[in-house]
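Here the structure is laid out as structure tokens; the discussion comes afterwards.
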Amino acid sequence: MSFLLIGALISPLSAQTVEESSPPSLTGSAADLTIRPRFGVGYSTSGASYDAFTSFEGFVPLLQTPGSTLTFLEGRLLLDNDANLGGNLLLGHRVYNLTSNRVLGAYLAYDNRNTGSSTFNQVSAGFESLGEI
């Protein structure tokens, strides 16, 4: 079982009142989209030979042209119940090409995991393409 809280904001609740609001607008374009930072904390219970762990995560846009390009940093810190640390850090870039209606992206990532008896490190890179064909 996993629990995840992302960008939780606490606000006072109204006492049993219901306000009618209009549905979200479907107008606009990708150029109106601004990506905002996100942060979260999660906990995964143990089971199926896996130890329980707590995770702290974040996604931070570094540079962006709304609807066109995005350079971002994404990270996660893991702490298991035996106080072993692990985590990853990813630097990525995505570009939307309006002519081909395609998103192209690339990333460079570093992963680390301490099991208490060994420490594992990994560097990876990748390319992605998202579109109809």
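Convention: chains lettered A, B, ... in structure tokens order; per-chain residue numbering from 1; ligands numbered from 1 as shown.
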
**Q.** Near-segment 106-119 of chain A list (9 Å; only C-alpha atoms; drop same-chain fewer than 2 positions) as a PyMOL selection string
**A.** chain A and resi 78+82-94+104+121-129

Q: Any chance you could list, as an MDAnalysis selection string, the residues in segment 20-80 of chain A that come up strand (DSSP E or B) when DSSP is run on the backbone?
A: chainID A and resid 38:44 47 50 53:65 69:80

Q | Test item: residues at most 9 Å from segment 50-65 of chain A, only C-alpha atoms, excluding those fewer than 3 positions along its chain, as number ranges by chain | A | A: 4, 6, 31, 34-47, 68-82, 87

**Q.** From A:Phe120, A:Gly67, A:Glu132, A:Ser29, residue lying nearest Tyr96 of chain A [only C-alpha atoms]
**A.** A:Gly67
